[in-house]
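Below is the file input.txt, which contains compact mmCIF, N, CA and C atoms.
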# COMPACT_ATOMS: atom_id res chain seq x y z
N ILE A 1 0.86 -1.18 0.00
CA ILE A 1 0.00 0.00 0.00
C ILE A 1 0.90 1.24 0.00
N PRO A 2 0.67 2.14 -0.93
CA PRO A 2 1.48 3.37 -0.97
C PRO A 2 1.31 4.20 0.31
N ALA A 3 2.37 4.88 0.70
CA ALA A 3 2.37 5.68 1.93
C ALA A 3 1.27 6.74 1.90
N ARG A 4 1.03 7.34 0.76
CA ARG A 4 0.00 8.40 0.70
C ARG A 4 -1.39 7.84 0.99
N VAL A 5 -1.63 6.60 0.59
CA VAL A 5 -2.92 5.96 0.87
C VAL A 5 -3.03 5.66 2.36
N THR A 6 -1.96 5.13 2.95
CA THR A 6 -1.95 4.85 4.39
C THR A 6 -2.15 6.13 5.18
N ASN A 7 -1.45 7.20 4.81
CA ASN A 7 -1.59 8.49 5.51
C ASN A 7 -2.99 9.05 5.37
N TRP A 8 -3.57 8.95 4.16
CA TRP A 8 -4.92 9.45 3.94
C TRP A 8 -5.91 8.66 4.78
N SER A 9 -5.74 7.34 4.82
CA SER A 9 -6.64 6.49 5.59
C SER A 9 -6.60 6.83 7.07
N ALA A 10 -5.40 7.04 7.60
CA ALA A 10 -5.27 7.41 9.02
C ALA A 10 -5.92 8.76 9.29
N ALA A 11 -5.71 9.71 8.40
CA ALA A 11 -6.31 11.04 8.57
C ALA A 11 -7.83 10.96 8.52
N TYR A 12 -8.35 10.14 7.61
CA TYR A 12 -9.80 9.97 7.51
C TYR A 12 -10.37 9.35 8.78
N ARG A 13 -9.71 8.30 9.29
CA ARG A 13 -10.16 7.67 10.53
C ARG A 13 -10.20 8.68 11.66
N ASP A 14 -9.14 9.49 11.78
CA ASP A 14 -9.10 10.50 12.84
C ASP A 14 -10.20 11.53 12.68
N SER A 15 -10.51 11.89 11.45
CA SER A 15 -11.56 12.89 11.22
C SER A 15 -12.94 12.35 11.60
N GLN A 16 -13.10 11.05 11.63
CA GLN A 16 -14.36 10.42 11.99
C GLN A 16 -14.45 10.15 13.48
N ASP A 17 -13.40 10.39 14.21
CA ASP A 17 -13.34 10.12 15.65
C ASP A 17 -13.74 11.38 16.40
N ASP A 18 -14.89 11.32 17.09
CA ASP A 18 -15.40 12.48 17.82
C ASP A 18 -14.45 12.98 18.91
N TYR A 19 -13.56 12.12 19.35
CA TYR A 19 -12.75 12.45 20.53
C TYR A 19 -11.26 12.65 20.23
N ALA A 20 -10.81 12.40 19.01
CA ALA A 20 -9.37 12.42 18.70
C ALA A 20 -8.71 13.74 19.08
N GLU A 21 -9.31 14.84 18.69
CA GLU A 21 -8.70 16.15 18.99
C GLU A 21 -8.76 16.46 20.48
N PHE A 22 -9.88 16.16 21.12
CA PHE A 22 -9.99 16.37 22.57
C PHE A 22 -8.90 15.60 23.29
N ILE A 23 -8.74 14.34 22.95
CA ILE A 23 -7.74 13.50 23.61
C ILE A 23 -6.33 14.03 23.33
N ALA A 24 -6.06 14.37 22.08
CA ALA A 24 -4.73 14.87 21.71
C ALA A 24 -4.38 16.17 22.45
N GLU A 25 -5.37 17.04 22.59
CA GLU A 25 -5.12 18.35 23.22
C GLU A 25 -5.19 18.34 24.74
N LYS A 26 -6.11 17.59 25.29
CA LYS A 26 -6.41 17.72 26.72
C LYS A 26 -6.03 16.54 27.61
N VAL A 27 -5.93 15.34 27.04
CA VAL A 27 -5.79 14.15 27.87
C VAL A 27 -4.32 13.73 28.00
N ASP A 28 -3.93 13.44 29.23
CA ASP A 28 -2.57 12.97 29.53
C ASP A 28 -2.67 11.57 30.11
N THR A 29 -2.00 10.64 29.49
CA THR A 29 -2.02 9.25 29.97
C THR A 29 -0.62 8.80 30.40
N SER A 30 0.26 9.76 30.65
CA SER A 30 1.65 9.42 30.96
C SER A 30 1.83 8.85 32.37
N ASP A 31 0.90 9.12 33.26
CA ASP A 31 1.01 8.64 34.64
C ASP A 31 -0.02 7.53 34.88
N PRO A 32 0.43 6.27 34.96
CA PRO A 32 -0.53 5.18 35.15
C PRO A 32 -1.26 5.25 36.50
N ASN A 33 -0.75 6.04 37.44
CA ASN A 33 -1.39 6.17 38.75
C ASN A 33 -2.38 7.34 38.82
N ALA A 34 -2.45 8.11 37.76
CA ALA A 34 -3.37 9.25 37.74
C ALA A 34 -4.80 8.76 37.71
N LYS A 35 -5.70 9.59 38.19
CA LYS A 35 -7.13 9.30 38.07
C LYS A 35 -7.89 10.60 38.11
N ILE A 36 -9.04 10.59 37.49
CA ILE A 36 -9.90 11.76 37.45
C ILE A 36 -11.34 11.29 37.64
N LYS A 37 -12.10 12.07 38.42
CA LYS A 37 -13.51 11.74 38.62
C LYS A 37 -14.22 11.77 37.27
N SER A 38 -15.12 10.85 37.09
CA SER A 38 -15.82 10.77 35.80
C SER A 38 -16.57 12.06 35.49
N SER A 39 -17.16 12.69 36.49
CA SER A 39 -17.89 13.94 36.26
C SER A 39 -16.94 15.06 35.81
N ALA A 40 -15.75 15.10 36.38
CA ALA A 40 -14.77 16.12 36.00
C ALA A 40 -14.26 15.88 34.58
N PHE A 41 -14.05 14.62 34.22
CA PHE A 41 -13.57 14.28 32.89
C PHE A 41 -14.61 14.66 31.84
N TYR A 42 -15.87 14.36 32.11
CA TYR A 42 -16.94 14.72 31.18
C TYR A 42 -17.07 16.24 31.08
N LYS A 43 -16.94 16.94 32.20
CA LYS A 43 -17.01 18.41 32.18
C LYS A 43 -15.89 18.98 31.30
N GLU A 44 -14.69 18.43 31.42
CA GLU A 44 -13.58 18.89 30.57
C GLU A 44 -13.92 18.69 29.09
N TYR A 45 -14.52 17.56 28.78
CA TYR A 45 -14.93 17.28 27.40
C TYR A 45 -15.99 18.28 26.94
N LYS A 46 -17.02 18.50 27.77
CA LYS A 46 -18.07 19.45 27.41
C LYS A 46 -17.52 20.85 27.23
N ASP A 47 -16.63 21.27 28.13
CA ASP A 47 -16.02 22.59 28.02
C ASP A 47 -15.20 22.71 26.73
N TYR A 48 -14.47 21.66 26.40
CA TYR A 48 -13.69 21.64 25.17
C TYR A 48 -14.63 21.80 23.96
N CYS A 49 -15.71 21.05 23.94
CA CYS A 49 -16.67 21.13 22.85
C CYS A 49 -17.26 22.53 22.74
N TYR A 50 -17.62 23.11 23.87
CA TYR A 50 -18.18 24.46 23.89
C TYR A 50 -17.17 25.45 23.30
N ASP A 51 -15.92 25.36 23.75
CA ASP A 51 -14.88 26.29 23.29
C ASP A 51 -14.66 26.21 21.78
N TYR A 52 -14.86 25.04 21.19
CA TYR A 52 -14.61 24.85 19.77
C TYR A 52 -15.89 24.78 18.93
N GLY A 53 -17.02 25.04 19.56
CA GLY A 53 -18.28 25.05 18.82
C GLY A 53 -18.71 23.68 18.31
N ILE A 54 -18.37 22.65 19.08
CA ILE A 54 -18.70 21.28 18.72
C ILE A 54 -19.85 20.81 19.60
N LYS A 55 -20.77 20.06 19.01
CA LYS A 55 -21.87 19.49 19.81
C LYS A 55 -21.31 18.33 20.63
N ALA A 56 -21.42 18.41 21.94
CA ALA A 56 -20.92 17.36 22.82
C ALA A 56 -21.86 16.16 22.80
N ASN A 57 -21.30 14.99 22.86
CA ASN A 57 -22.09 13.77 23.00
C ASN A 57 -22.64 13.71 24.42
N SER A 58 -23.66 12.91 24.62
CA SER A 58 -24.24 12.74 25.95
C SER A 58 -23.22 12.08 26.88
N SER A 59 -23.44 12.22 28.17
CA SER A 59 -22.52 11.61 29.14
C SER A 59 -22.53 10.09 29.00
N LYS A 60 -23.67 9.52 28.68
CA LYS A 60 -23.77 8.07 28.50
C LYS A 60 -22.92 7.61 27.31
N LYS A 61 -23.01 8.32 26.19
CA LYS A 61 -22.22 7.97 25.00
C LYS A 61 -20.74 8.22 25.27
N PHE A 62 -20.43 9.33 25.92
CA PHE A 62 -19.03 9.64 26.26
C PHE A 62 -18.43 8.51 27.09
N LYS A 63 -19.15 8.07 28.11
CA LYS A 63 -18.64 6.99 28.97
C LYS A 63 -18.43 5.72 28.17
N ALA A 64 -19.41 5.35 27.36
CA ALA A 64 -19.29 4.13 26.56
C ALA A 64 -18.10 4.21 25.60
N ASP A 65 -17.92 5.34 24.98
CA ASP A 65 -16.81 5.51 24.04
C ASP A 65 -15.46 5.57 24.75
N MET A 66 -15.41 6.21 25.89
CA MET A 66 -14.14 6.30 26.63
C MET A 66 -13.75 4.95 27.23
N GLU A 67 -14.74 4.12 27.54
CA GLU A 67 -14.43 2.79 28.08
C GLU A 67 -13.68 1.92 27.07
N LYS A 68 -13.77 2.27 25.81
CA LYS A 68 -13.01 1.56 24.77
C LYS A 68 -11.54 1.97 24.79
N ARG A 69 -11.22 3.08 25.46
CA ARG A 69 -9.87 3.63 25.44
C ARG A 69 -9.18 3.62 26.81
N PHE A 70 -9.97 3.84 27.86
CA PHE A 70 -9.41 4.04 29.20
C PHE A 70 -10.11 3.12 30.21
N THR A 71 -9.51 3.01 31.39
CA THR A 71 -10.05 2.16 32.44
C THR A 71 -10.99 2.96 33.34
N PHE A 72 -12.21 2.47 33.48
CA PHE A 72 -13.23 3.11 34.31
C PHE A 72 -13.49 2.23 35.51
N LYS A 73 -13.48 2.83 36.70
CA LYS A 73 -13.76 2.06 37.92
C LYS A 73 -14.74 2.80 38.80
N LYS A 74 -15.67 2.05 39.36
CA LYS A 74 -16.63 2.60 40.30
C LYS A 74 -16.14 2.33 41.71
N SER A 75 -16.42 3.26 42.59
CA SER A 75 -16.15 3.03 44.01
C SER A 75 -17.40 3.46 44.77
N SER A 76 -17.39 3.24 46.06
CA SER A 76 -18.56 3.62 46.86
C SER A 76 -18.71 5.13 46.94
N ARG A 77 -17.62 5.86 46.74
CA ARG A 77 -17.67 7.32 46.85
C ARG A 77 -17.85 8.04 45.52
N ALA A 78 -17.20 7.52 44.47
CA ALA A 78 -17.26 8.19 43.17
C ALA A 78 -16.80 7.23 42.08
N ASN A 79 -16.99 7.65 40.85
CA ASN A 79 -16.52 6.89 39.69
C ASN A 79 -15.30 7.59 39.12
N PHE A 80 -14.29 6.82 38.74
CA PHE A 80 -13.04 7.40 38.27
C PHE A 80 -12.57 6.76 36.97
N TRP A 81 -11.86 7.56 36.21
CA TRP A 81 -11.08 7.08 35.07
C TRP A 81 -9.65 6.97 35.58
N HIS A 82 -9.05 5.80 35.42
CA HIS A 82 -7.70 5.56 35.92
C HIS A 82 -6.69 5.67 34.79
N GLY A 83 -5.51 6.20 35.15
CA GLY A 83 -4.45 6.39 34.17
C GLY A 83 -4.68 7.59 33.27
N VAL A 84 -5.59 8.47 33.70
CA VAL A 84 -5.99 9.62 32.89
C VAL A 84 -5.94 10.88 33.73
N SER A 85 -5.41 11.94 33.15
CA SER A 85 -5.54 13.28 33.71
C SER A 85 -5.72 14.23 32.54
N VAL A 86 -6.02 15.49 32.83
CA VAL A 86 -6.21 16.45 31.75
C VAL A 86 -5.20 17.58 31.88
N HIS A 87 -4.82 18.12 30.72
CA HIS A 87 -3.93 19.27 30.67
C HIS A 87 -4.75 20.51 31.02
N ILE A 88 -4.28 21.30 31.92
CA ILE A 88 -4.93 22.56 32.23
C ILE A 88 -4.25 23.64 31.39
N ILE A 89 -5.07 24.28 30.55
CA ILE A 89 -4.52 25.30 29.66
C ILE A 89 -4.89 26.68 30.15

What does this structure look like when you write it as structure tokens?
Amino acid sequence: IPARVTNWSAAYRDSQDDYAEFIAEKVDTSDPNAKIKSSAFYKEYKDYCYDYGIKANSSKKFKADMEKRFTFKKSSRANFWHGVSVHII
């Protein structure tokens, strides 16, 4: 497969991903011990969407889609995403 086809395919896949830019700009996965409350993570996503004029997905869809990428754990006190933090800009 020619490189230009591979590059175009990757770019197309990224353009179809509702979260690619949000994750690239705001999400840090460098610390495996990091965690963020699920409500705070969703708020960061909604704020990002608002800032860029993007329609945010529902919290239910966001959770389902993020579970494909990150580890979600419930506790008796709160729900957390593990290995995830956000960049404060």

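From atom C of A:Asn33 back to atom CA of A:Tyr50, the distance works out to 27.7 Å.
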
What is the atom N of A:Asn79 to atom CA of A:Ile36 distance in Å?
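Value for the atom N of A:Asn79-atom CA of A:Ile36 distance: 8.9 Å.
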
Between atom CA of A:Lys26 and atom CA of A:Lys73, what is the distance, to one decimal in Å?
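Rounded to one decimal, the two atoms are 20.6 Å apart.
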
I need the residues of stretch 11-80 of chain A that end up classed as strand (DSSP E) by DSSP on the backbone, written out as an mmCIF file with N, CA and C atoms, keeping the file's coordinate frame.
data_model
loop_
_atom_site.group_PDB
_atom_site.id
_atom_site.type_symbol
_atom_site.label_atom_id
_atom_site.label_comp_id
_atom_site.auth_asym_id
_atom_site.auth_seq_id
_atom_site.Cartn_x
_atom_site.Cartn_y
_atom_site.Cartn_z
ATOM 1 N N VAL A 27 -5.930 15.340 27.040
ATOM 2 C CA VAL A 27 -5.790 14.150 27.870
ATOM 3 C C VAL A 27 -4.320 13.730 28.000
ATOM 4 N N ASP A 28 -3.930 13.440 29.230
ATOM 5 C CA ASP A 28 -2.570 12.970 29.530
ATOM 6 C C ASP A 28 -2.670 11.570 30.110
ATOM 7 N N LYS A 35 -5.700 9.590 38.190
ATOM 8 C CA LYS A 35 -7.130 9.300 38.070
ATOM 9 C C LYS A 35 -7.890 10.600 38.110
ATOM 10 N N ILE A 36 -9.040 10.590 37.490
ATOM 11 C CA ILE A 36 -9.900 11.760 37.450
ATOM 12 C C ILE A 36 -11.340 11.290 37.640
ATOM 13 N N LYS A 37 -12.100 12.070 38.420
ATOM 14 C CA LYS A 37 -13.510 11.740 38.620
ATOM 15 C C LYS A 37 -14.220 11.770 37.270
ATOM 16 N N THR A 71 -9.510 3.010 31.390
ATOM 17 C CA THR A 71 -10.050 2.160 32.440
ATOM 18 C C THR A 71 -10.990 2.960 33.340
ATOM 19 N N PHE A 72 -12.210 2.470 33.480
ATOM 20 C CA PHE A 72 -13.230 3.110 34.310
ATOM 21 C C PHE A 72 -13.490 2.230 35.510
ATOM 22 N N LYS A 73 -13.480 2.830 36.700
ATOM 23 C CA LYS A 73 -13.760 2.060 37.920
ATOM 24 C C LYS A 73 -14.740 2.800 38.800
ATOM 25 N N LYS A 74 -15.670 2.050 39.360
ATOM 26 C CA LYS A 74 -16.630 2.600 40.300
ATOM 27 C C LYS A 74 -16.140 2.330 41.710
ATOM 28 N N ASN A 79 -16.990 7.650 40.850
ATOM 29 C CA ASN A 79 -16.520 6.890 39.690
ATOM 30 C C ASN A 79 -15.300 7.590 39.120
ATOM 31 N N PHE A 80 -14.290 6.820 38.740
ATOM 32 C CA PHE A 80 -13.040 7.400 38.270
ATOM 33 C C PHE A 80 -12.570 6.760 36.970
#

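Within stretch 36-67 of chain A, residues classed as helix (DSSP H, G or I) by DSSP on backbone coordinates are Ser38, Ser39, Ala40, Phe41, Tyr42, Lys43, Glu44, Tyr45, Lys46, Asp47, Tyr48, Cys49, Tyr50, Asp51, Tyr52, Ser59, Lys60, Lys61, Phe62, Lys63, Ala64, Asp65 and Met66 of chain A.
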
Closest of A:Ala3, A:Ala34, A:Val27, A:Ala40 to A:His87 - atom-to-atom distances counting all atoms listed in the file:
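Among the listed residues, A:Val27 lies closest to A:His87.
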